[in-house]
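Text of protein.cif (mmCIF, C-alpha atoms) as supplied:
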```cif
data_entry
loop_
_atom_site.group_PDB
_atom_site.id
_atom_site.type_symbol
_atom_site.label_atom_id
_atom_site.label_comp_id
_atom_site.auth_asym_id
_atom_site.auth_seq_id
_atom_site.Cartn_x
_atom_site.Cartn_y
_atom_site.Cartn_z
ATOM 1 C CA MET A 1 36.825 7.301 -42.772
ATOM 2 C CA SER A 2 35.792 5.890 -39.412
ATOM 3 C CA GLU A 3 37.755 3.682 -37.106
ATOM 4 C CA ALA A 4 36.582 0.385 -35.693
ATOM 5 C CA ALA A 5 34.113 0.856 -32.854
ATOM 6 C CA LEU A 6 33.300 -1.570 -30.057
ATOM 7 C CA SER A 7 29.618 -1.649 -29.151
ATOM 8 C CA GLN A 8 28.136 -2.518 -25.755
ATOM 9 C CA ASN A 9 27.513 -6.155 -26.689
ATOM 10 C CA GLY A 10 31.119 -6.708 -27.731
ATOM 11 C CA ALA A 11 30.548 -6.435 -31.467
ATOM 12 C CA ILE A 12 33.065 -4.516 -33.540
ATOM 13 C CA THR A 13 31.710 -2.216 -36.238
ATOM 14 C CA ILE A 14 33.805 -0.764 -39.055
ATOM 15 C CA GLY A 15 33.028 1.772 -41.764
ATOM 16 C CA ASP A 16 29.565 3.049 -42.632
ATOM 17 C CA TRP A 17 27.616 0.858 -40.238
ATOM 18 C CA ARG A 18 24.183 2.366 -39.676
ATOM 19 C CA PRO A 19 21.281 -0.086 -39.720
ATOM 20 C CA LEU A 20 18.228 1.543 -41.309
ATOM 21 C CA ALA A 21 15.593 2.589 -38.824
ATOM 22 C CA ASP A 22 11.952 2.038 -39.818
ATOM 23 C CA PRO A 23 12.392 0.859 -43.406
ATOM 24 C CA ASP A 24 9.471 1.391 -45.753
ATOM 25 C CA SER A 25 9.944 -2.140 -46.991
ATOM 26 C CA ALA A 26 12.296 -4.984 -46.200
ATOM 27 C CA LEU A 27 13.029 -8.417 -47.575
ATOM 28 C CA GLU A 28 14.872 -11.061 -45.562
ATOM 29 C CA ILE A 29 15.956 -14.431 -46.890
ATOM 30 C CA ALA A 30 17.734 -17.065 -44.783
ATOM 31 C CA ILE A 31 19.487 -20.059 -46.283
ATOM 32 C CA HIS A 32 20.323 -22.642 -43.692
ATOM 33 C CA GLN A 33 22.622 -25.293 -45.153
ATOM 34 C CA GLY A 34 24.393 -26.516 -48.232
ATOM 35 C CA TRP A 35 25.292 -23.282 -49.972
ATOM 36 C CA SER A 36 28.618 -24.529 -51.243
ATOM 37 C CA GLN A 37 26.841 -26.812 -53.742
ATOM 38 C CA ARG A 38 24.633 -24.022 -55.024
ATOM 39 C CA TRP A 39 27.037 -21.367 -56.246
ATOM 40 C CA SER A 40 24.880 -20.309 -59.165
ATOM 41 C CA TYR A 41 22.034 -19.377 -56.822
ATOM 42 C CA ALA A 42 23.931 -16.258 -55.719
ATOM 43 C CA GLY A 43 23.161 -14.740 -59.116
ATOM 44 C CA ARG A 44 19.545 -15.869 -59.121
ATOM 45 C CA LEU A 45 19.097 -14.473 -55.616
ATOM 46 C CA ALA A 46 20.588 -11.148 -56.762
ATOM 47 C CA ASP A 47 18.189 -11.008 -59.709
ATOM 48 C CA TYR A 48 15.269 -11.830 -57.412
ATOM 49 C CA VAL A 49 16.105 -9.100 -54.872
ATOM 50 C CA SER A 50 16.564 -6.510 -57.598
ATOM 51 C CA GLY A 51 13.263 -7.514 -59.173
ATOM 52 C CA TYR A 52 11.503 -7.426 -55.802
ATOM 53 C CA PHE A 53 12.322 -3.728 -55.336
ATOM 54 C CA ARG A 54 11.932 -2.706 -58.975
ATOM 55 C CA ALA A 55 8.466 -1.158 -58.723
ATOM 56 C CA GLU A 56 9.314 0.624 -55.476
ATOM 57 C CA LEU A 57 12.503 2.100 -56.919
ATOM 58 C CA ALA A 58 10.696 3.125 -60.099
ATOM 59 C CA ALA A 59 8.170 5.005 -57.960
ATOM 60 C CA ASN A 60 10.664 6.566 -55.549
ATOM 61 C CA ALA A 61 14.126 6.811 -57.080
ATOM 62 C CA GLY A 62 13.331 8.777 -60.231
ATOM 63 C CA GLU A 63 16.171 8.748 -62.732
ATOM 64 C CA GLN A 64 18.281 6.729 -60.310
ATOM 65 C CA ALA A 65 15.937 3.722 -60.356
ATOM 66 C CA ALA A 66 18.002 1.822 -62.924
ATOM 67 C CA ASP A 67 21.262 2.604 -61.093
ATOM 68 C CA ALA A 68 19.765 1.485 -57.782
ATOM 69 C CA GLY A 69 18.573 -1.760 -59.386
ATOM 70 C CA ALA A 70 22.027 -2.384 -60.862
ATOM 71 C CA PHE A 71 23.579 -1.683 -57.439
ATOM 72 C CA LEU A 72 21.271 -4.266 -55.842
ATOM 73 C CA THR A 73 21.997 -6.949 -58.443
ATOM 74 C CA TYR A 74 25.759 -6.454 -58.251
ATOM 75 C CA ALA A 75 26.087 -5.972 -54.487
ATOM 76 C CA VAL A 76 23.875 -8.933 -53.539
ATOM 77 C CA ASN A 77 25.742 -11.223 -55.944
ATOM 78 C CA GLU A 78 29.187 -10.176 -54.705
ATOM 79 C CA MET A 79 28.291 -10.247 -51.013
ATOM 80 C CA VAL A 80 26.612 -13.656 -51.212
ATOM 81 C CA GLU A 81 29.539 -15.040 -53.247
ATOM 82 C CA ASN A 82 31.894 -13.801 -50.503
ATOM 83 C CA ALA A 83 29.774 -15.365 -47.763
ATOM 84 C CA VAL A 84 29.770 -18.689 -49.623
ATOM 85 C CA LYS A 85 33.522 -18.571 -50.312
ATOM 86 C CA PHE A 86 34.661 -17.580 -46.855
ATOM 87 C CA GLY A 87 31.853 -18.811 -44.594
ATOM 88 C CA GLN A 88 31.429 -22.171 -42.951
ATOM 89 C CA GLY A 89 28.758 -23.315 -45.375
ATOM 90 C CA GLU A 90 26.094 -22.746 -42.782
ATOM 91 C CA GLU A 91 23.404 -20.125 -42.471
ATOM 92 C CA ILE A 92 23.509 -17.044 -44.649
ATOM 93 C CA VAL A 93 20.988 -14.277 -44.056
ATOM 94 C CA LEU A 94 20.351 -11.685 -46.713
ATOM 95 C CA ARG A 95 18.424 -8.549 -45.867
ATOM 96 C CA ALA A 96 17.497 -5.759 -48.263
ATOM 97 C CA GLU A 97 15.731 -2.610 -47.111
ATOM 98 C CA PHE A 98 14.419 0.533 -48.658
ATOM 99 C CA ALA A 99 13.837 3.646 -46.547
ATOM 100 C CA GLY A 100 13.067 6.909 -48.218
ATOM 101 C CA GLY A 101 16.333 8.018 -49.738
ATOM 102 C CA GLU A 102 18.390 4.919 -49.060
ATOM 103 C CA MET A 103 18.691 1.349 -50.232
ATOM 104 C CA ALA A 104 20.632 -0.997 -47.957
ATOM 105 C CA VAL A 105 21.549 -4.621 -48.366
ATOM 106 C CA SER A 106 23.323 -6.785 -45.811
ATOM 107 C CA VAL A 107 24.603 -10.340 -45.803
ATOM 108 C CA SER A 108 25.337 -12.194 -42.564
ATOM 109 C CA SER A 109 27.270 -15.411 -42.190
ATOM 110 C CA VAL A 110 29.453 -17.226 -39.678
ATOM 111 C CA ALA A 111 33.146 -17.826 -40.306
ATOM 112 C CA PRO A 112 35.921 -19.552 -38.348
ATOM 113 C CA ALA A 113 37.895 -17.118 -36.160
ATOM 114 C CA GLU A 114 41.037 -17.112 -38.326
ATOM 115 C CA VAL A 115 39.041 -16.494 -41.519
ATOM 116 C CA ALA A 116 37.126 -13.689 -39.798
ATOM 117 C CA GLN A 117 40.401 -12.150 -38.630
ATOM 118 C CA ARG A 118 41.753 -12.118 -42.187
ATOM 119 C CA TYR A 119 38.516 -10.595 -43.463
ATOM 120 C CA GLN A 120 38.610 -7.938 -40.738
ATOM 121 C CA THR A 121 42.150 -6.978 -41.750
ATOM 122 C CA ILE A 122 41.002 -6.598 -45.370
ATOM 123 C CA VAL A 123 37.988 -4.443 -44.500
ATOM 124 C CA GLU A 124 40.034 -2.232 -42.179
ATOM 125 C CA GLU A 125 42.381 -1.584 -45.112
ATOM 126 C CA ILE A 126 39.397 -0.746 -47.341
ATOM 127 C CA ASP A 127 37.937 1.557 -44.690
ATOM 128 C CA ALA A 128 41.220 3.422 -44.202
ATOM 129 C CA GLY A 129 42.035 3.982 -47.878
ATOM 130 C CA ASP A 130 40.695 5.577 -51.025
ATOM 131 C CA PRO A 131 38.585 2.935 -52.823
ATOM 132 C CA MET A 132 39.688 3.800 -56.383
ATOM 133 C CA THR A 133 43.374 3.872 -55.428
ATOM 134 C CA LEU A 134 42.980 0.524 -53.675
ATOM 135 C CA LEU A 135 41.170 -0.967 -56.690
ATOM 136 C CA LEU A 136 43.863 0.136 -59.144
ATOM 137 C CA GLU A 137 46.620 -1.168 -56.845
ATOM 138 C CA ARG A 138 44.810 -4.464 -56.317
ATOM 139 C CA VAL A 139 44.333 -5.126 -60.034
ATOM 140 C CA GLU A 140 48.003 -4.381 -60.765
ATOM 141 C CA ARG A 141 49.019 -6.648 -57.873
ATOM 142 C CA ASN A 142 46.768 -9.454 -59.202
ATOM 143 C CA ALA A 143 48.540 -9.109 -62.558
ATOM 144 C CA LEU A 144 51.931 -9.571 -60.902
ATOM 145 C CA GLU A 145 50.957 -12.400 -58.566
ATOM 146 C CA GLY A 146 48.658 -14.431 -60.837
ATOM 147 C CA PRO A 147 45.409 -16.175 -59.917
ATOM 148 C CA SER A 148 44.550 -16.416 -56.224
ATOM 149 C CA ALA A 149 41.540 -17.470 -54.185
ATOM 150 C CA GLY A 150 39.819 -14.143 -54.616
ATOM 151 C CA SER A 151 40.289 -11.136 -56.879
ATOM 152 C CA GLY A 152 39.610 -8.765 -53.972
ATOM 153 C CA LEU A 153 37.638 -6.519 -56.306
ATOM 154 C CA GLY A 154 34.055 -7.290 -55.274
ATOM 155 C CA LEU A 155 33.728 -4.960 -52.289
ATOM 156 C CA LEU A 156 35.928 -2.244 -53.796
ATOM 157 C CA SER A 157 33.934 -2.145 -57.027
ATOM 158 C CA ILE A 158 30.646 -1.769 -55.119
ATOM 159 C CA MET A 159 32.155 1.517 -53.911
ATOM 160 C CA THR A 160 34.081 2.706 -56.982
ATOM 161 C CA ASP A 161 31.706 1.626 -59.760
ATOM 162 C CA TYR A 162 28.287 1.763 -58.072
ATOM 163 C CA GLY A 163 28.767 4.600 -55.575
ATOM 164 C CA GLY A 164 27.848 2.451 -52.574
ATOM 165 C CA SER A 165 29.257 2.757 -49.062
ATOM 166 C CA LEU A 166 30.153 -0.236 -46.905
ATOM 167 C CA GLY A 167 29.976 -1.116 -43.238
ATOM 168 C CA TRP A 168 30.794 -4.255 -41.268
ATOM 169 C CA ARG A 169 29.942 -5.848 -37.959
ATOM 170 C CA PHE A 170 31.941 -8.644 -36.312
ATOM 171 C CA GLN A 171 30.356 -10.475 -33.374
ATOM 172 C CA GLN A 172 32.414 -13.094 -31.552
ATOM 173 C CA GLN A 173 30.550 -16.342 -30.910
ATOM 174 C CA GLN A 174 31.837 -19.453 -29.099
ATOM 175 C CA GLU A 175 34.406 -20.670 -31.640
ATOM 176 C CA ALA A 176 33.469 -18.553 -34.603
ATOM 177 C CA VAL A 177 32.568 -15.017 -35.610
ATOM 178 C CA ALA A 178 29.257 -13.780 -36.992
ATOM 179 C CA ILE A 179 30.010 -11.308 -39.781
ATOM 180 C CA THR A 180 27.595 -8.903 -41.404
ATOM 181 C CA THR A 181 28.577 -6.838 -44.420
ATOM 182 C CA MET A 182 26.266 -3.968 -45.322
ATOM 183 C CA ALA A 183 26.237 -1.981 -48.568
ATOM 184 C CA ARG A 184 24.083 1.115 -48.911
ATOM 185 C CA LEU A 185 23.258 3.467 -51.708
ATOM 186 C CA GLN A 186 22.117 7.011 -51.154
ATOM 187 C CA ILE A 187 19.358 7.934 -53.563
ATOM 188 C CA ASN A 188 19.182 11.569 -54.486
ATOM 189 C CA GLN A 189 15.505 12.206 -54.921
ATOM 190 C CA ALA A 190 15.865 15.532 -56.653
ATOM 191 C CA GLY A 191 13.662 15.608 -59.722
ATOM 192 C CA THR A 192 11.205 13.018 -58.431
ATOM 193 C CA ALA A 193 7.604 13.815 -57.561
ATOM 194 C CA MET B 194 36.627 -21.341 -81.317
ATOM 195 C CA GLU B 195 34.346 -20.830 -78.382
ATOM 196 C CA VAL B 196 33.732 -21.502 -74.719
ATOM 197 C CA LYS B 197 30.120 -22.152 -73.761
ATOM 198 C CA GLY B 198 28.315 -22.730 -70.503
ATOM 199 C CA GLY B 199 24.732 -23.002 -69.312
ATOM 200 C CA ASP B 200 23.940 -19.333 -69.748
ATOM 201 C CA TYR B 201 26.912 -17.795 -71.535
ATOM 202 C CA ARG B 202 28.997 -18.033 -74.688
ATOM 203 C CA VAL B 203 32.340 -16.517 -75.642
ATOM 204 C CA GLY B 204 33.151 -17.006 -79.308
ATOM 205 C CA VAL B 205 36.222 -15.903 -81.253
ATOM 206 C CA ASP B 206 36.192 -14.936 -84.916
ATOM 207 C CA PRO B 207 39.824 -15.269 -86.091
ATOM 208 C CA ASP B 208 39.158 -13.294 -89.277
ATOM 209 C CA THR B 209 38.221 -10.140 -87.405
ATOM 210 C CA GLN B 210 40.258 -10.865 -84.250
ATOM 211 C CA THR B 211 37.050 -10.328 -82.287
ATOM 212 C CA ALA B 212 35.759 -12.100 -79.197
ATOM 213 C CA ALA B 213 31.982 -11.818 -78.781
ATOM 214 C CA PHE B 214 30.459 -12.389 -75.343
ATOM 215 C CA SER B 215 26.816 -13.142 -74.565
ATOM 216 C CA GLY B 216 24.661 -14.172 -71.614
ATOM 217 C CA THR B 217 25.549 -13.876 -67.926
ATOM 218 C CA LEU B 218 28.940 -14.805 -66.467
ATOM 219 C CA ARG B 219 29.024 -15.525 -62.749
ATOM 220 C CA LEU B 220 31.666 -18.222 -62.506
ATOM 221 C CA ASN B 221 33.428 -19.116 -59.268
ATOM 222 C CA GLY B 222 36.863 -17.522 -59.237
ATOM 223 C CA ALA B 223 39.928 -17.723 -61.476
ATOM 224 C CA ASP B 224 39.814 -21.530 -61.837
ATOM 225 C CA GLU B 225 36.395 -21.532 -63.471
ATOM 226 C CA TYR B 226 37.308 -18.569 -65.684
ATOM 227 C CA ALA B 227 40.519 -20.280 -66.899
ATOM 228 C CA PRO B 228 39.071 -21.703 -70.181
ATOM 229 C CA ILE B 229 37.741 -18.258 -71.166
ATOM 230 C CA GLN B 230 40.981 -16.584 -70.098
ATOM 231 C CA GLU B 231 42.985 -19.008 -72.288
ATOM 232 C CA LEU B 232 40.750 -18.331 -75.288
ATOM 233 C CA LEU B 233 41.126 -14.549 -74.883
ATOM 234 C CA ASP B 234 44.829 -14.828 -74.132
ATOM 235 C CA ALA B 235 45.410 -16.658 -77.430
ATOM 236 C CA LEU B 236 43.616 -13.874 -79.276
ATOM 237 C CA LEU B 237 46.039 -11.371 -77.704
ATOM 238 C CA SER B 238 49.110 -13.365 -78.597
ATOM 239 C CA GLU B 239 48.373 -13.989 -82.240
ATOM 240 C CA ASN B 240 48.132 -10.511 -83.695
ATOM 241 C CA GLY B 241 48.540 -6.815 -83.224
ATOM 242 C CA SER B 242 44.828 -6.076 -82.852
ATOM 243 C CA CYS B 243 42.144 -7.457 -80.604
ATOM 244 C CA THR B 244 38.479 -6.545 -80.132
ATOM 245 C CA TRP B 245 36.102 -7.573 -77.364
ATOM 246 C CA ASP B 246 32.415 -7.145 -78.132
ATOM 247 C CA LEU B 247 30.697 -7.190 -74.743
ATOM 248 C CA ARG B 248 27.355 -5.683 -75.756
ATOM 249 C CA GLU B 249 25.362 -8.896 -75.252
ATOM 250 C CA LEU B 250 26.981 -9.776 -71.920
ATOM 251 C CA GLN B 251 24.241 -8.913 -69.444
ATOM 252 C CA PHE B 252 26.155 -9.545 -66.212
ATOM 253 C CA LEU B 253 29.752 -10.156 -65.153
ATOM 254 C CA ASN B 254 30.819 -10.756 -61.561
ATOM 255 C CA SER B 255 33.970 -9.285 -60.036
ATOM 256 C CA SER B 256 36.019 -12.432 -60.766
ATOM 257 C CA GLY B 257 35.166 -12.010 -64.449
ATOM 258 C CA ILE B 258 35.860 -8.276 -64.375
ATOM 259 C CA ASN B 259 39.240 -9.054 -62.813
ATOM 260 C CA MET B 260 39.982 -11.513 -65.650
ATOM 261 C CA LEU B 261 39.304 -8.825 -68.264
ATOM 262 C CA TYR B 262 41.422 -6.245 -66.387
ATOM 263 C CA GLN B 263 44.300 -8.760 -66.180
ATOM 264 C CA LEU B 264 44.206 -9.282 -69.937
ATOM 265 C CA VAL B 265 44.108 -5.532 -70.552
ATOM 266 C CA ILE B 266 47.238 -5.162 -68.393
ATOM 267 C CA LYS B 267 48.896 -7.980 -70.355
ATOM 268 C CA ALA B 268 48.056 -6.190 -73.611
ATOM 269 C CA ARG B 269 49.559 -2.987 -72.211
ATOM 270 C CA ARG B 270 52.763 -4.833 -71.310
ATOM 271 C CA MET B 271 53.012 -6.456 -74.744
ATOM 272 C CA GLY B 272 53.193 -2.933 -76.070
ATOM 273 C CA ASN B 273 52.082 -3.624 -79.633
ATOM 274 C CA VAL B 274 48.445 -4.606 -79.150
ATOM 275 C CA GLN B 275 45.647 -2.412 -80.446
ATOM 276 C CA MET B 276 42.878 -3.140 -77.951
ATOM 277 C CA LYS B 277 39.291 -2.214 -78.714
ATOM 278 C CA VAL B 278 36.373 -2.828 -76.366
ATOM 279 C CA ILE B 279 32.756 -2.362 -77.425
ATOM 280 C CA GLY B 280 30.091 -2.083 -74.751
ATOM 281 C CA SER B 281 26.473 -1.051 -74.397
ATOM 282 C CA LYS B 282 24.985 1.770 -72.362
ATOM 283 C CA ASP B 283 21.888 -0.363 -71.899
ATOM 284 C CA VAL B 284 23.757 -2.976 -69.859
ATOM 285 C CA ALA B 285 24.239 -1.662 -66.333
ATOM 286 C CA TRP B 286 27.599 -3.235 -65.395
ATOM 287 C CA GLN B 287 29.205 -2.009 -68.600
ATOM 288 C CA GLY B 288 28.363 1.630 -67.961
ATOM 289 C CA LYS B 289 29.742 1.209 -64.414
ATOM 290 C CA SER B 290 32.935 -0.809 -64.873
ATOM 291 C CA LEU B 291 34.268 -0.617 -68.437
ATOM 292 C CA GLY B 292 35.618 2.915 -67.995
ATOM 293 C CA ASN B 293 38.274 1.545 -65.629
ATOM 294 C CA MET B 294 39.932 -0.307 -68.521
ATOM 295 C CA THR B 295 41.423 2.887 -69.913
ATOM 296 C CA ARG B 296 43.068 3.475 -66.521
ATOM 297 C CA PHE B 297 44.944 0.202 -66.952
ATOM 298 C CA MET B 298 45.727 0.799 -70.633
ATOM 299 C CA PRO B 299 45.471 4.438 -71.694
ATOM 300 C CA GLY B 300 45.707 3.499 -75.400
ATOM 301 C CA LEU B 301 42.703 1.188 -75.239
ATOM 302 C CA GLU B 302 39.847 2.249 -77.529
ATOM 303 C CA LEU B 303 36.613 2.042 -75.553
ATOM 304 C CA SER B 304 33.299 2.471 -77.312
ATOM 305 C CA VAL B 305 30.132 2.322 -75.208
ATOM 306 C CA GLU B 306 27.256 2.561 -77.664
#
```
What would the structure in this file look like if it were written as structure tokens?
Amino acid sequence: MSEAALSQNGAITIGDWRPLADPDSALEIAIHQGWSQRWSYAGRLADYVSGYFRAELAANAGEQAADAGAFLTYAVNEMVENAVKFGQGEEIVLRAEFAGGEMAVSVSSVAPAEVAQRYQTIVEEIDAGDPMTLLLERVERNALEGPSAGSGLGLLSIMTDYGGSLGWRFQQQQEAVAITTMARLQINQAGTA
Amino acid sequence: MEVKGGDYRVGVDPDTQTAAFSGTLRLNGADEYAPIQELLDALLSENGSCTWDLRELQFLNSSGINMLYQLVIKARRMGNVQMKVIGSKDVAWQGKSLGNMTRFMPGLELSVE
């Protein structure tokens, strides 16, 4: 597991943060305002992104095409839901990229400083621990404490159930913090043409 | 007894103690899942056996997965509940996430067909 790193422009990166260089294909969608009234669109957006890459994954991911599609649907939905829940209701940018043996999806949003700080604490804990252990502990803790604002399972299950890796970037702005969460899936191309 | 929304349905058959799920469930957090949680909770309380048929549930977000895990843990704590969960290999999230249920309740009978 990596530790937080400070880049030259002052951004902090945590975990598996490696933007894809020269993607074979990329899809970027920006939503500018009013997300809080459109919760159900997170799911429709996830279905759209998965559908957009379906033919490409079928041609390049071999037996893993269905798994990669399921990863996209689940990860996009969870990451957009998080951005809507914890963001400021302003711009959300979704980017999905395919490059050879990797599929990467990132969601960027802006959050108030104190919300970003809480999120950073959570992701540092995820980055430092074993995802399955953390998931089991979190579910048992939810059972003891009862319903809360978030189950805390979305990011962990992208790792434990879908085999994805996660990275984060925090960039301080004037009074807020721009946050990007990136999930990536390694596609083993053995057995494909 | 059932809870229905725009693109989902959860119905309970009291005769077989089975809850059947269909559609896609992407509700916003524990508050929106509360009516479904209450329906499933009542099924747990009434008898010694309980079956969830998830085969027709095409998608479930992490808030919904958390709800199911919470109920599985409750069943484990009750001690006398025979839990059975039926899933489908053809539905991606089920192949990925249902296996965790036996970690929370080792006696749970999981059948992914």
Requested in this report: Would you translate the PyMOL selection byres ((chain A) within 9 of (chain B)) into the concrete set of residues it matches in this file, as a ChimeraX atom specification?
Outcome: /A:39-40,42-43,66-67,69-71,74,77-78,81,85,136,139-140,142-143,146-155,157,160-162
Report task. Fewer than 2 positions away in the same chain doesn't count, so skip those; otherwise give me all residues within 7 Å of stretch 274-283 of chain B, counting all atoms listed in the file, as a count of residues only. Result -> 20
Query raised in the report: Which distance in Å separates atom CA of B:Glu249 and atom CA of B:Val203, to one decimal?
Result: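 Atom-to-atom, atom CA of B:Glu249 and atom CA of B:Val203 are spaced 10.3 Å apart.
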Query raised in the report: Which residues, written as a list in words, have at least one atom at most 7 Å from A:Val105, with all atoms listed in the file counted and residues fewer than 2 positions away on the same chain left out?
Result: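 Answer for this query is Arg95, Ala96, Glu97, Met103, Val107, Met182, Ala183 and Arg184 of chain A.
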Residues from last step as file, C-alpha atoms, as a compact mmCIF listing (two decimals), in the coordinates of the input:
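Below is the file that was written, part.txt:
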```txt
# COMPACT_ATOMS: atom_id res chain seq x y z
CA ARG A 95 18.42 -8.55 -45.87
CA ALA A 96 17.50 -5.76 -48.26
CA GLU A 97 15.73 -2.61 -47.11
CA MET A 103 18.69 1.35 -50.23
CA VAL A 107 24.60 -10.34 -45.80
CA MET A 182 26.27 -3.97 -45.32
CA ALA A 183 26.24 -1.98 -48.57
CA ARG A 184 24.08 1.12 -48.91
```
For A:Ala104, find every residue with an atom within 12 Å (counting only C-alpha atoms), except residues of its own chain fewer than 4 positions away, and show them as a PDB file with C-alpha atoms, keeping the file's coordinate frame.
```pdb
ATOM      1  CA  ASP A  16      29.565   3.049 -42.632  1.00  0.00           C
ATOM      2  CA  TRP A  17      27.616   0.858 -40.238  1.00  0.00           C
ATOM      3  CA  ARG A  18      24.183   2.366 -39.676  1.00  0.00           C
ATOM      4  CA  PRO A  19      21.281  -0.086 -39.720  1.00  0.00           C
ATOM      5  CA  LEU A  20      18.228   1.543 -41.309  1.00  0.00           C
ATOM      6  CA  ALA A  21      15.593   2.589 -38.824  1.00  0.00           C
ATOM      7  CA  PRO A  23      12.392   0.859 -43.406  1.00  0.00           C
ATOM      8  CA  ASP A  24       9.471   1.391 -45.753  1.00  0.00           C
ATOM      9  CA  SER A  25       9.944  -2.140 -46.991  1.00  0.00           C
ATOM     10  CA  ALA A  26      12.296  -4.984 -46.200  1.00  0.00           C
ATOM     11  CA  LEU A  27      13.029  -8.417 -47.575  1.00  0.00           C
ATOM     12  CA  GLU A  28      14.872 -11.061 -45.562  1.00  0.00           C
ATOM     13  CA  VAL A  49      16.105  -9.100 -54.872  1.00  0.00           C
ATOM     14  CA  SER A  50      16.564  -6.510 -57.598  1.00  0.00           C
ATOM     15  CA  PHE A  53      12.322  -3.728 -55.336  1.00  0.00           C
ATOM     16  CA  ALA A  68      19.765   1.485 -57.782  1.00  0.00           C
ATOM     17  CA  GLY A  69      18.573  -1.760 -59.386  1.00  0.00           C
ATOM     18  CA  PHE A  71      23.579  -1.683 -57.439  1.00  0.00           C
ATOM     19  CA  LEU A  72      21.271  -4.266 -55.842  1.00  0.00           C
ATOM     20  CA  ALA A  75      26.087  -5.972 -54.487  1.00  0.00           C
ATOM     21  CA  VAL A  76      23.875  -8.933 -53.539  1.00  0.00           C
ATOM     22  CA  LEU A  94      20.351 -11.685 -46.713  1.00  0.00           C
ATOM     23  CA  ARG A  95      18.424  -8.549 -45.867  1.00  0.00           C
ATOM     24  CA  ALA A  96      17.497  -5.759 -48.263  1.00  0.00           C
ATOM     25  CA  GLU A  97      15.731  -2.610 -47.111  1.00  0.00           C
ATOM     26  CA  PHE A  98      14.419   0.533 -48.658  1.00  0.00           C
ATOM     27  CA  ALA A  99      13.837   3.646 -46.547  1.00  0.00           C
ATOM     28  CA  GLY A 100      13.067   6.909 -48.218  1.00  0.00           C
ATOM     29  CA  GLY A 164      27.848   2.451 -52.574  1.00  0.00           C
ATOM     30  CA  SER A 165      29.257   2.757 -49.062  1.00  0.00           C
ATOM     31  CA  LEU A 166      30.153  -0.236 -46.905  1.00  0.00           C
ATOM     32  CA  GLY A 167      29.976  -1.116 -43.238  1.00  0.00           C
ATOM     33  CA  THR A 181      28.577  -6.838 -44.420  1.00  0.00           C
ATOM     34  CA  MET A 182      26.266  -3.968 -45.322  1.00  0.00           C
ATOM     35  CA  ALA A 183      26.237  -1.981 -48.568  1.00  0.00           C
ATOM     36  CA  ARG A 184      24.083   1.115 -48.911  1.00  0.00           C
ATOM     37  CA  LEU A 185      23.258   3.467 -51.708  1.00  0.00           C
ATOM     38  CA  GLN A 186      22.117   7.011 -51.154  1.00  0.00           C
ATOM     39  CA  ILE A 187      19.358   7.934 -53.563  1.00  0.00           C
TER      40      ILE A 187
END
```
**Report entry** Atom-to-atom span, atom CA of A:Pro131 and atom CA of A:Gly15, Å
**Finding:**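 Going from atom CA of A:Pro131 over to atom CA of A:Gly15 covers 12.4 Å.
Distances to A:Glu102 were evaluated for A:Met132, A:Ala178, A:Ala83, A:Ala65 using all atoms listed in the file, and the minimum falls at A:Ala65.
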**Report entry** Surrounding residues of A:Ala4 excluding itself and chain neighbours under 3 positions, 8 Å, all atoms listed in the file, as a PyMOL selection string
**Finding:** chain A and resi 12-15+124
Report task. Using only C-alpha atoms, determine which residues lie at most 9 Å from stretch 232-234 of chain B, disregarding the query and same-chain residues fewer than 2 positions distant; provide the list as an NGL selection string. Result -> :B and (194-196 or 203-205 or 212 or 227-230 or 236-239 or 245 or 261 or 264 or 267)
